[in-house]
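Q: So here's upload-v3.pdb, just PDB, C-alpha atoms:
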ATOM      1  CA  MET J   1       0.000   0.000   0.000
ATOM      2  CA  ILE J   2       2.831   2.402   0.851
ATOM      3  CA  SER J   3       4.552   1.493  -2.400
ATOM      4  CA  SER J   4       1.457   2.468  -4.392
ATOM      5  CA  PHE J   5       1.609   5.951  -2.862
ATOM      6  CA  ILE J   6       5.265   6.207  -3.832
ATOM      7  CA  LEU J   7       4.551   4.996  -7.366
ATOM      8  CA  ALA J   8       1.676   7.500  -7.721
ATOM      9  CA  PHE J   9       3.989  10.255  -6.451
ATOM     10  CA  ILE J  10       6.815   9.413  -8.843
ATOM     11  CA  VAL J  11       4.768   8.799 -11.991
ATOM     12  CA  GLY J  12       2.478  11.790 -11.387
ATOM     13  CA  GLY J  13       5.488  13.948 -10.611
ATOM     14  CA  LEU J  14       7.253  12.872 -13.795
ATOM     15  CA  ILE J  15       4.230  13.743 -15.948
ATOM     16  CA  CYS J  16       4.268  17.187 -14.323
ATOM     17  CA  VAL J  17       8.003  17.477 -15.068
ATOM     18  CA  ILE J  18       7.183  16.873 -18.758
ATOM     19  CA  GLY J  19       4.643  19.688 -18.472
ATOM     20  CA  GLN J  20       7.206  21.978 -16.851
ATOM     21  CA  LEU J  21       9.707  21.194 -19.627
ATOM     22  CA  LEU J  22       7.074  22.183 -22.201
ATOM     23  CA  PHE J  23       6.551  25.420 -20.231
ATOM     24  CA  ASP J  24      10.183  26.395 -19.786
ATOM     25  CA  VAL J  25      12.163  24.770 -22.586
ATOM     26  CA  ALA J  26       9.601  24.822 -25.403
ATOM     27  CA  ASN J  27       8.147  28.156 -24.170
ATOM     28  CA  LEU J  28       4.542  27.049 -24.554
ATOM     29  CA  THR J  29       1.570  28.600 -22.795
ATOM     30  CA  PRO J  30      -0.304  26.493 -20.218
ATOM     31  CA  GLY J  31      -3.159  26.131 -22.722
ATOM     32  CA  HIS J  32      -0.866  24.654 -25.378
ATOM     33  CA  THR J  33       0.875  22.407 -22.852
ATOM     34  CA  LEU J  34      -2.344  20.955 -21.464
ATOM     35  CA  SER J  35      -3.743  20.429 -24.974
ATOM     36  CA  ILE J  36      -0.583  18.542 -25.983
ATOM     37  CA  LEU J  37      -0.776  16.355 -22.879
ATOM     38  CA  VAL J  38      -4.450  15.545 -23.483
ATOM     39  CA  VAL J  39      -3.717  14.588 -27.081
ATOM     40  CA  ALA J  40      -0.784  12.481 -25.864
ATOM     41  CA  GLY J  41      -3.083  10.650 -23.463
ATOM     42  CA  ALA J  42      -5.603   9.975 -26.234
ATOM     43  CA  VAL J  43      -2.908   8.616 -28.549
ATOM     44  CA  LEU J  44      -1.347   6.468 -25.819
ATOM     45  CA  ASP J  45      -4.702   4.848 -25.134
ATOM     46  CA  GLY J  46      -5.160   4.181 -28.845
ATOM     47  CA  LEU J  47      -1.853   2.314 -28.752
ATOM     48  CA  GLY J  48      -3.049   0.451 -25.672
ATOM     49  CA  LEU J  49      -0.312   1.858 -23.449
ATOM     50  CA  TYR J  50      -2.266   3.977 -20.972
ATOM     51  CA  GLU J  51      -4.207   1.214 -19.216
ATOM     52  CA  PRO J  52      -1.006  -0.589 -18.174
ATOM     53  CA  LEU J  53       0.263   2.725 -16.811
ATOM     54  CA  ILE J  54      -2.901   3.073 -14.684
ATOM     55  CA  ASP J  55      -2.441  -0.472 -13.416
ATOM     56  CA  PHE J  56       1.146   0.401 -12.556
ATOM     57  CA  ALA J  57       0.789   3.857 -11.034
ATOM     58  CA  GLY J  58      -2.855   4.215  -9.943
ATOM     59  CA  ALA J  59      -3.669   7.841  -9.225
ATOM     60  CA  GLY J  60      -0.280   8.826 -10.642
ATOM     61  CA  ALA J  61      -1.809   8.104 -14.048
ATOM     62  CA  THR J  62      -5.480   8.960 -13.441
ATOM     63  CA  VAL J  63      -5.004  12.382 -11.817
ATOM     64  CA  PRO J  64      -2.867  14.153 -14.481
ATOM     65  CA  ILE J  65      -4.800  15.653 -17.385
ATOM     66  CA  THR J  66      -3.435  12.971 -19.760
ATOM     67  CA  SER J  67      -6.017  10.611 -18.259
ATOM     68  CA  PHE J  68      -8.707  12.893 -19.670
ATOM     69  CA  GLY J  69      -7.567  12.107 -23.216
ATOM     70  CA  ASN J  70      -7.245   8.459 -22.244
ATOM     71  CA  SER J  71     -10.801   8.173 -20.969
ATOM     72  CA  LEU J  72     -12.222  10.041 -23.977
ATOM     73  CA  THR J  73     -10.596   7.526 -26.312
ATOM     74  CA  HIS J  74     -11.540   4.708 -24.004
ATOM     75  CA  GLY J  75     -15.230   5.559 -24.022
ATOM     76  CA  ALA J  76     -15.190   5.979 -27.802
ATOM     77  CA  LEU J  77     -13.471   2.624 -28.301
ATOM     78  CA  ARG J  78     -15.773   0.812 -25.912
ATOM     79  CA  GLU J  79     -18.865   2.051 -27.742
ATOM     80  CA  ALA J  80     -17.217   1.378 -31.101
ATOM     81  CA  GLU J  81     -16.676  -2.207 -30.078
ATOM     82  CA  GLU J  82     -20.435  -2.630 -29.705
ATOM     83  CA  HIS J  83     -21.926  -0.315 -32.322
ATOM     84  CA  GLY J  84     -19.168   0.183 -34.890
ATOM     85  CA  ILE J  85     -18.197   3.575 -36.338
ATOM     86  CA  ILE J  86     -21.239   5.407 -34.852
ATOM     87  CA  GLY J  87     -20.060   4.481 -31.378
ATOM     88  CA  VAL J  88     -16.881   6.522 -31.842
ATOM     89  CA  ILE J  89     -18.988   9.680 -31.595
ATOM     90  CA  THR J  90     -21.629   8.581 -29.119
ATOM     91  CA  GLY J  91     -19.301   6.939 -26.611
ATOM     92  CA  MET J  92     -16.815   9.778 -26.258
ATOM     93  CA  PHE J  93     -17.944  11.185 -22.899
ATOM     94  CA  GLU J  94     -19.095   7.889 -21.449
ATOM     95  CA  VAL J  95     -16.123   7.340 -19.156
ATOM     96  CA  THR J  96     -14.838  10.858 -18.666
ATOM     97  CA  SER J  97     -18.082  12.538 -17.677
ATOM     98  CA  SER J  98     -17.230  12.792 -13.962
ATOM     99  CA  GLY J  99     -14.373  15.263 -14.377
ATOM    100  CA  ILE J 100     -16.299  17.605 -16.632
ATOM    101  CA  SER J 101     -19.584  17.425 -14.747
ATOM    102  CA  ALA J 102     -17.776  17.967 -11.437
ATOM    103  CA  ALA J 103     -15.900  20.957 -12.840
ATOM    104  CA  ILE J 104     -19.084  22.533 -14.244
ATOM    105  CA  LEU J 105     -21.066  21.859 -11.087
ATOM    106  CA  PHE J 106     -18.461  23.067  -8.615
ATOM    107  CA  GLY J 107     -17.540  25.991 -10.870
ATOM    108  CA  PHE J 108     -21.131  27.170 -10.788
ATOM    109  CA  ILE J 109     -21.463  26.621  -7.049
ATOM    110  CA  ALA J 110     -18.216  28.540  -6.523
ATOM    111  CA  SER J 111     -19.575  31.460  -8.541
ATOM    112  CA  LEU J 112     -22.606  31.502  -6.232
ATOM    113  CA  ILE J 113     -20.668  31.616  -2.968
ATOM    114  CA  PHE J 114     -17.284  33.207  -3.705
ATOM    115  CA  ARG J 115     -16.456  36.686  -4.934
ATOM    116  CA  SER J 116     -13.343  37.432  -6.959
ATOM    117  CA  LYS J 117     -10.661  39.218  -5.005
ATOM    118  CA  GLY J 118      -8.123  41.729  -6.236
ATOM    119  CA  ARG J 119      -9.557  42.596  -9.611
ATOM    120  CA  PRO J 120     -12.569  44.935  -9.727
TER     121      PRO J 120
ATOM    122  CA  MET P 121      17.892  48.416 -33.949
ATOM    123  CA  ASP P 122      16.373  45.729 -36.092
ATOM    124  CA  GLN P 123      14.296  42.852 -34.877
ATOM    125  CA  LYS P 124      17.149  40.385 -34.607
ATOM    126  CA  THR P 125      19.328  42.478 -32.344
ATOM    127  CA  TYR P 126      16.272  43.359 -30.297
ATOM    128  CA  SER P 127      15.418  39.728 -29.677
ATOM    129  CA  GLN P 128      19.050  39.029 -28.815
ATOM    130  CA  LEU P 129      19.021  41.919 -26.378
ATOM    131  CA  GLU P 130      15.733  40.746 -24.938
ATOM    132  CA  GLN P 131      17.139  37.306 -24.393
ATOM    133  CA  LYS P 132      20.193  38.745 -22.637
ATOM    134  CA  MET P 133      18.216  41.082 -20.408
ATOM    135  CA  SER P 134      15.328  38.858 -19.385
ATOM    136  CA  PRO P 135      15.979  36.890 -16.194
ATOM    137  CA  LYS P 136      17.119  33.303 -16.621
ATOM    138  CA  VAL P 137      14.490  30.696 -15.894
ATOM    139  CA  PRO P 138      15.716  28.568 -12.984
ATOM    140  CA  LEU P 139      14.988  25.353 -14.875
ATOM    141  CA  ALA P 140      16.268  22.787 -12.389
ATOM    142  CA  GLY P 141      14.429  24.396  -9.490
ATOM    143  CA  ASN P 142      11.229  24.642 -11.502
ATOM    144  CA  LEU P 143      11.447  20.979 -12.485
ATOM    145  CA  ILE P 144      11.974  19.864  -8.899
ATOM    146  CA  ARG P 145       9.104  22.010  -7.629
ATOM    147  CA  ALA P 146       6.816  20.724 -10.408
ATOM    148  CA  PHE P 147       7.800  17.143  -9.556
ATOM    149  CA  LEU P 148       7.115  17.593  -5.841
ATOM    150  CA  THR P 149       3.824  19.458  -6.283
ATOM    151  CA  GLY P 150       2.470  17.161  -8.979
ATOM    152  CA  GLY P 151       3.625  14.078  -7.121
ATOM    153  CA  LEU P 152       1.990  15.252  -3.907
ATOM    154  CA  ILE P 153      -1.340  15.932  -5.656
ATOM    155  CA  CYS P 154      -1.248  12.457  -7.216
ATOM    156  CA  ALA P 155      -0.382  10.866  -3.863
ATOM    157  CA  ILE P 156      -3.361  12.654  -2.285
ATOM    158  CA  GLY P 157      -5.431  11.322  -5.201
ATOM    159  CA  GLN P 158      -4.169   7.826  -4.393
ATOM    160  CA  GLY P 159      -5.331   8.292  -0.810
ATOM    161  CA  ILE P 160      -8.797   9.391  -1.959
ATOM    162  CA  MET P 161      -8.883   6.393  -4.306
ATOM    163  CA  TYR P 162      -8.234   4.034  -1.398
ATOM    164  CA  PHE P 163     -10.961   5.794   0.573
ATOM    165  CA  TYR P 164     -13.498   5.048  -2.184
ATOM    166  CA  MET P 165     -12.252   1.487  -2.576
ATOM    167  CA  TYR P 166     -12.543   0.628   1.118
ATOM    168  CA  PHE P 167     -15.681   2.513   2.166
ATOM    169  CA  PHE P 168     -17.723   2.280  -1.060
ATOM    170  CA  ASP P 169     -17.647  -0.548  -3.540
ATOM    171  CA  PHE P 170     -15.452   0.921  -6.206
ATOM    172  CA  THR P 171     -12.776  -1.170  -7.841
ATOM    173  CA  GLU P 172      -9.306  -0.019  -8.780
ATOM    174  CA  LYS P 173     -10.590   0.658 -12.319
ATOM    175  CA  THR P 174     -13.666   2.670 -11.343
ATOM    176  CA  ALA P 175     -12.311   4.573  -8.322
ATOM    177  CA  GLY P 176     -10.620   7.096 -10.618
ATOM    178  CA  ASN P 177     -13.909   8.885 -11.424
ATOM    179  CA  PRO P 178     -15.023   9.829  -7.897
ATOM    180  CA  THR P 179     -11.393  10.660  -7.092
ATOM    181  CA  VAL P 180     -11.298  13.252  -9.851
ATOM    182  CA  ALA P 181     -14.628  14.718  -8.692
ATOM    183  CA  THR P 182     -13.396  14.913  -5.087
ATOM    184  CA  LEU P 183     -10.161  16.607  -6.123
ATOM    185  CA  ILE P 184     -12.124  19.199  -8.092
ATOM    186  CA  PHE P 185     -14.316  19.804  -5.034
ATOM    187  CA  ILE P 186     -11.196  20.457  -2.932
ATOM    188  CA  VAL P 187      -9.906  22.761  -5.668
ATOM    189  CA  MET P 188     -13.191  24.700  -5.539
ATOM    190  CA  LEU P 189     -12.519  25.542  -1.900
ATOM    191  CA  LEU P 190      -8.843  26.336  -2.516
ATOM    192  CA  THR P 191      -9.654  28.532  -5.519
ATOM    193  CA  GLY P 192     -12.474  30.308  -3.719
ATOM    194  CA  PHE P 193     -10.290  31.222  -0.780
ATOM    195  CA  GLY P 194      -7.443  32.269  -3.102
ATOM    196  CA  LYS P 195      -5.045  29.538  -1.994
ATOM    197  CA  TYR P 196      -4.639  27.712  -5.305
ATOM    198  CA  LYS P 197      -2.899  30.727  -6.817
ATOM    199  CA  LYS P 198      -0.143  30.341  -4.225
ATOM    200  CA  ILE P 199       0.218  26.628  -4.990
ATOM    201  CA  ALA P 200       0.434  27.495  -8.688
ATOM    202  CA  GLN P 201       3.157  30.079  -8.074
ATOM    203  CA  PHE P 202       5.225  27.467  -6.289
ATOM    204  CA  GLY P 203       4.467  24.399  -8.368
ATOM    205  CA  GLY P 204       4.186  25.695 -11.937
ATOM    206  CA  ALA P 205       3.226  22.770 -14.146
ATOM    207  CA  GLY P 206       2.975  20.614 -11.025
ATOM    208  CA  SER P 207      -0.279  22.360 -10.226
ATOM    209  CA  ALA P 208      -1.478  22.854 -13.811
ATOM    210  CA  VAL P 209      -1.038  19.355 -15.240
ATOM    211  CA  PRO P 210      -3.089  17.373 -12.680
ATOM    212  CA  VAL P 211      -6.851  17.534 -13.101
ATOM    213  CA  THR P 212      -6.856  20.114 -10.303
ATOM    214  CA  GLY P 213      -5.370  22.634 -12.749
ATOM    215  CA  PHE P 214      -8.234  21.979 -15.144
ATOM    216  CA  GLY P 215     -10.720  22.455 -12.310
ATOM    217  CA  ASN P 216      -8.972  25.611 -11.168
ATOM    218  CA  ALA P 217      -9.092  27.089 -14.682
ATOM    219  CA  MET P 218     -12.849  26.553 -14.893
ATOM    220  CA  ILE P 219     -13.701  27.576 -11.349
ATOM    221  CA  SER P 220     -11.561  30.708 -11.322
ATOM    222  CA  SER P 221     -13.046  31.949 -14.588
ATOM    223  CA  ALA P 222     -16.527  31.259 -13.226
ATOM    224  CA  ILE P 223     -15.801  33.325 -10.116
ATOM    225  CA  GLU P 224     -14.030  36.064 -12.022
ATOM    226  CA  HIS P 225     -16.811  36.692 -14.546
ATOM    227  CA  ARG P 226     -19.632  36.528 -12.025
ATOM    228  CA  THR P 227     -20.067  40.296 -12.113
ATOM    229  CA  GLU P 228     -21.145  40.044 -15.779
ATOM    230  CA  GLY P 229     -24.159  37.983 -14.762
ATOM    231  CA  TYR P 230     -24.800  34.287 -14.465
ATOM    232  CA  VAL P 231     -25.770  33.517 -18.061
ATOM    233  CA  LEU P 232     -23.319  35.602 -20.052
ATOM    234  CA  GLY P 233     -20.632  35.888 -17.400
ATOM    235  CA  VAL P 234     -20.430  32.582 -15.559
ATOM    236  CA  GLY P 235     -22.007  30.345 -18.184
ATOM    237  CA  GLY P 236     -20.256  31.950 -21.118
ATOM    238  CA  ASN P 237     -16.781  32.217 -19.658
ATOM    239  CA  MET P 238     -16.454  29.021 -17.673
ATOM    240  CA  PHE P 239     -14.834  27.158 -20.572
ATOM    241  CA  LYS P 240     -12.724  30.088 -21.689
ATOM    242  CA  LEU P 241      -9.423  28.589 -20.538
ATOM    243  CA  ALA P 242     -10.402  24.948 -20.138
ATOM    244  CA  GLY P 243     -12.252  24.726 -23.453
ATOM    245  CA  SER P 244      -9.131  24.082 -25.530
ATOM    246  CA  VAL P 245      -8.369  20.993 -23.454
ATOM    247  CA  ILE P 246     -11.833  19.586 -24.133
ATOM    248  CA  VAL P 247     -11.808  20.499 -27.839
ATOM    249  CA  PHE P 248      -8.411  18.972 -28.569
ATOM    250  CA  GLY P 249      -9.061  16.016 -26.311
ATOM    251  CA  VAL P 250     -12.314  15.193 -28.061
ATOM    252  CA  PHE P 251     -10.874  15.681 -31.523
ATOM    253  CA  ALA P 252      -7.774  13.595 -30.785
ATOM    254  CA  ALA P 253      -9.893  10.869 -29.208
ATOM    255  CA  PHE P 254     -12.157  10.878 -32.267
ATOM    256  CA  VAL P 255      -9.273  10.495 -34.702
ATOM    257  CA  VAL P 256      -7.546   7.823 -32.615
ATOM    258  CA  ALA P 257     -10.728   5.820 -32.047
ATOM    259  CA  LEU P 258     -11.708   6.118 -35.723
ATOM    260  CA  ILE P 259      -8.322   4.841 -36.896
ATOM    261  CA  LYS P 260      -8.404   1.972 -34.442
ATOM    262  CA  THR P 261     -11.983   1.023 -35.363
ATOM    263  CA  ILE P 262     -11.082   0.962 -39.054
ATOM    264  CA  LEU P 263      -7.940  -1.087 -38.363
ATOM    265  CA  VAL P 264      -9.992  -3.581 -36.363
ATOM    266  CA  LYS P 265     -12.559  -3.780 -39.172
ATOM    267  CA  PHE P 266      -9.808  -4.765 -41.594
ATOM    268  CA  GLY P 267      -8.436  -7.198 -39.078
ATOM    269  CA  VAL P 268      -5.082  -5.474 -38.664
ATOM    270  CA  VAL P 269      -5.293  -5.223 -34.864
ATOM    271  CA  GLY P 270      -7.629  -6.554 -32.199
ATOM    272  CA  TRP P 271      -9.531  -4.648 -29.514
TER     273      TRP P 271
END
Take the structure I supplied and represent it as structure tokens, if you would.

A:
Amino acid sequence: MISSFILAFIVGGLICVIGQLLFDVANLTPGHTLSILVVAGAVLDGLGLYEPLIDFAGAGATVPITSFGNSLTHGALREAEEHGIIGVITGMFEVTSSGISAAILFGFIASLIFRSKGRP
Amino acid sequence: MDQKTYSQLEQKMSPKVPLAGNLIRAFLTGGLICAIGQGIMYFYMYFFDFTEKTAGNPTVATLIFIVMLLTGFGKYKKIAQFGGAGSAVPVTGFGNAMISSAIEHRTEGYVLGVGGNMFKLAGSVIVFGVFAAFVVALIKTILVKFGVVGW
């Protein structure tokens, strides 16, 4: 159990180091960096490499934004397996819905209870 | 002064990015967030019946809930200043982008301000994620149809 925390720490940390390298060395904006990482996650799942990483690192692979691309592809592939080409479109948000719905929900709740500080 | 000498001068004058320090801070911050995520995952696996495969979804939702509180009280900005990509790359950075733009544009009203601006920063992640997933899944589906690879 302790080792799984260490693995999550190391793998998650390394993915963030890749992000920091894209920030500092490639001089990309956060928006570009995150988009690249999401696309990378989607491609890795297409190659069948992301699931083994989740098995290996647990939250170290599911918490970084790359897992968002992975679960988009995953949902699309799962539906495609049942319904063919149509499933690629309909299954897209099947797995990944929790992150987006949580972000929308909590974003709206936050706008109800918090006020922005600093800027007028 | 033409453009080339200006950019050379700019490069000389602008402060050097402390790359090694940034990388270490990103590693520590990102690693810590993922380790906390691992803890939340175990919580859902032991107290609710989630398996290792399905516990990722409630974990992400819980992390975004924590980020809502941190963003609302202005603490996530401090984490981001320290951690750089370590705070932006985990799903918490995605949540922070959406929640902070929702709070910031609240003064413009709920429909046009909050609703319209929530995806301002986070939208690109969703757009490129969906498009990449579509292309990847389409290619794989076609390859399976022709029997090149299996599911």

Q: Write out as a VMD selection string which residues come within 10 Å of Val95 (chain J) when counting all atoms listed in the file, dropping same-chain ones fewer than 5 positions away.

A: (chain J and resid 68 70 to 76 78) or (chain P and resid 174 177)

Q: Go through chain P residue by residue and, counting all atoms listed in the file, keep those with an atom at most 7 Å from chain J; for each kept residue give the shortest atom pair and its distance in Å to one decimal, ordered by chain and increasing number, as a Markdown table.

A:
| residue | atom | partner | partner_atom | distance |
| --- | --- | --- | --- | --- |
| P:Leu139 | CA | J:Asp24 | CA | 6.9 |
| P:Leu143 | CA | J:Val17 | CA | 5.5 |
| P:Ala146 | CA | J:Val17 | CA | 5.8 |
| P:Phe147 | CA | J:Gly13 | CA | 4.1 |
| P:Leu148 | CA | J:Gly13 | CA | 6.2 |
| P:Gly150 | CA | J:Gly13 | CA | 4.7 |
| P:Gly151 | CA | J:Phe9 | CA | 3.9 |
| P:Leu152 | CA | J:Phe9 | CA | 6.0 |
| P:Cys154 | CA | J:Gly60 | CA | 5.1 |
| P:Ala155 | CA | J:Phe9 | CA | 5.1 |
| P:Gly157 | CA | J:Ala59 | CA | 5.6 |
| P:Gln158 | CA | J:Ala59 | CA | 4.9 |
| P:Gly176 | CA | J:Thr62 | CA | 6.2 |
| P:Asn177 | CA | J:Ser98 | CA | 5.7 |
| P:Val180 | CA | J:Gly99 | CA | 5.8 |
| P:Ala181 | CA | J:Ala102 | CA | 5.3 |
| P:Ile184 | CA | J:Ala103 | CA | 6.3 |
| P:Phe185 | CA | J:Phe106 | CA | 6.4 |
| P:Met188 | CA | J:Phe106 | CA | 6.3 |
| P:Gly192 | CA | J:Phe114 | CA | 5.6 |
| P:Gly204 | CA | J:Gln20 | CA | 6.9 |
| P:Ala205 | CA | J:Gln20 | CA | 4.9 |
| P:Gly206 | CA | J:Cys16 | CA | 4.9 |
| P:Val209 | CA | J:Pro64 | CA | 5.6 |
| P:Pro210 | CA | J:Pro64 | CA | 3.7 |
| P:Val211 | CA | J:Ile65 | CA | 5.1 |
| P:Gly215 | CA | J:Ala103 | CA | 5.4 |
| P:Met218 | CA | J:Gly107 | CA | 6.2 |
| P:Ile219 | CA | J:Gly107 | CA | 4.2 |
| P:Ala222 | CA | J:Ser111 | CA | 5.6 |
| P:Ile223 | CA | J:Ser111 | CA | 4.5 |
| P:Glu224 | CA | J:Ser116 | CA | 5.3 |
| P:Arg226 | CA | J:Ser111 | CA | 6.2 |
| P:Ser244 | CA | J:Ser35 | CA | 6.5 |
| P:Val245 | CA | J:Ser35 | CA | 4.9 |
| P:Phe248 | CA | J:Ser35 | CA | 6.1 |
| P:Gly249 | CA | J:Gly69 | CA | 5.2 |
| P:Val250 | CA | J:Leu72 | CA | 6.6 |
| P:Ala252 | CA | J:Val39 | CA | 5.6 |
| P:Ala253 | CA | J:Thr73 | CA | 4.5 |
| P:Phe254 | CA | J:Val88 | CA | 6.4 |
| P:Val256 | CA | J:Gly46 | CA | 5.8 |
| P:Ala257 | CA | J:Leu77 | CA | 5.6 |
| P:Leu258 | CA | J:Val88 | CA | 6.5 |
| P:Lys260 | CA | J:Gly46 | CA | 6.8 |
| P:Thr261 | CA | J:Ala80 | CA | 6.8 |

Q: What does the structure give for the distance between CA of Leu49 (chain J) and CA of Trp271 (chain P), in Å to one decimal?

A: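 It comes out at 12.8 Å.
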
Q: Expressed in Å to a single decimal, how great is the separation between CA of Ile160 (chain P) and CA of Ile199 (chain P)?

A: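 For CA of Ile160 (chain P) relative to CA of Ile199 (chain P), the distance reads 19.7 Å.
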
Q: Since I can't run it myself right now, could you work out what the PyMOL selection byres ((chain P and resi 234) around 8) selects here and report it as a PyMOL selection string?

A: (chain J and resi 108+111) or (chain P and resi 221-223+225-226+228-233+235-238)

Q: Which centre and which edge lengths, in Å to one decimal, describe the axis-aligned box that holds all listed atoms of region 138-145 of chain P after 8 Å is added on each side, as AutoDock Vina command-line options?

A:
--center_x 12.7 --center_y 24.2 --center_z -11.3 --size_x 23.2 --size_y 24.7 --size_z 23.2

Q: What gap, in Å, lies between CA of Leu241 (chain P) and CA of Thr212 (chain P)?

A: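 Pair CA of Leu241 (chain P) / CA of Thr212 (chain P) returns 13.5 Å.
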
Q: List, as a ChimeraX atom specification, every residue that the PyMOL selection byres ((chain P and resi 196) around 12) selects in the file provided.

A: /P:149,184,186-195,197-204,206-208,212-217,219-220
